[in-house]
Amino acid sequence: MTTWMLQKNSTCKVFLKGQTRGIDLFASVCAAVDKTKLQWSKLCGISTDGAPAMTGERSGLATLICNKVSEEGGSSIKLHCIIHQQALCAKVLKFDHIMGPVVKAINAIRSRALRHRQYQQFLLDIQAEYGDVFGLFR
């Protein structure tokens with residue numbers, strides 16, 4: 001059974017169980033946006049992992065969200081997660097010898113809460129452009 005979660009500053013969590021088609025995901029996102037009283041027109045983009053339910057041209061979550069934002073007077077873009085893009089490129093270009101250690105390092109940082117907090121503090125201390133690293137599990 002697949003579970004999907006949307007989180008906005010820990011104020012709203014929505015769990016999906018069962019089917020996770022684009023329309024199912026969109027209904028849950030709509031419920032979360034309505035519950036938190038967010039404005040669709042303020043949404044500027046959505047990043048996906050490339051799954052068909054997320055990227056389908058007619059009924060994928062990204063398409064449905066972008067259509068909703070347009071209906072509300074805003075504009076948004078669809079992006080493919082940079083980590084997933086790099087992983088796909090590495091697979092095609094046979095860069096597993098590079099991506100393997102990268103994934104291992106990210107997972108090592110994320111696997112322990114203290115280590116993760118220390119890493120986040122390190123990024124703040126050096127005034128890094130990004131404040132966190134996202135988990136990559138293979």
# chains A, B, ... in the order shown; residues from 1 in each chain; ligands from 1
$ residues_around --residues "A:Ser70" --least-positions-apart "6" --cutoff "12 Å" --atoms "only C-alpha atoms" --output "ChimeraX atom specification"
/A:39-45,63-64,76-77
$ closest_residue --among "A:Ile126, A:Val14, A:Val102, A:Val29" --to "A:Leu61" --atoms "only C-alpha atoms"
A:Val29
$ atom_distance --atom1 "atom CA of A:Gly56" --atom2 "atom CA of A:Lys13"
24.0 Å
$ atom_distance --atom1 "atom CA of A:Leu79" --atom2 "atom CA of A:Val92"
19.7 Å
$ residues_around --residues "A:Ala90" --least-positions-apart "6" --cutoff "8 Å" --atoms "only C-alpha atoms" --output "JSON, numbers by chain"
{"A": [96, 98, 99]}
$ write_last_selection --atoms "N, CA, C and O atoms" --output "PDB file, in the first residue's frame"
ATOM      1  N   ASP A  96      27.684   5.518 -12.077  1.00  0.00           N
ATOM      2  CA  ASP A  96      27.352   4.937 -10.772  1.00  0.00           C
ATOM      3  C   ASP A  96      28.517   5.054  -9.792  1.00  0.00           C
ATOM      4  O   ASP A  96      28.307   5.153  -8.591  1.00  0.00           O
ATOM      5  N   ILE A  98      30.226   7.541  -9.346  1.00  0.00           N
ATOM      6  CA  ILE A  98      30.160   8.885  -8.765  1.00  0.00           C
ATOM      7  C   ILE A  98      28.922   9.021  -7.892  1.00  0.00           C
ATOM      8  O   ILE A  98      28.991   9.495  -6.757  1.00  0.00           O
ATOM      9  N   MET A  99      27.776   8.611  -8.414  1.00  0.00           N
ATOM     10  CA  MET A  99      26.526   8.765  -7.673  1.00  0.00           C
ATOM     11  C   MET A  99      26.456   7.864  -6.447  1.00  0.00           C
ATOM     12  O   MET A  99      25.835   8.227  -5.453  1.00  0.00           O
TER      13      MET A  99
END
$ select_by_dssp --residues "stretch 25-104 of chain A" --states "helix (DSSP H, G or I)" --output "ChimeraX atom specification"
/A:25-35,40-42,52-55,61-71,82-92,96-104
$ select_by_dssp --residues "chain A" --states "strand (DSSP E)" --output "NGL selection string"
:A and (2-7 or 13-18 or 45-48 or 77-80)
$ atom_distance --atom1 "atom CA of A:Leu16" --atom2 "atom CA of A:Cys30"
12.9 Å
$ closest_residue --among "A:Ala113, A:Ser47, A:Glu57, A:Ala87" --to "A:Pro101" --atoms "only C-alpha atoms"
A:Ala87
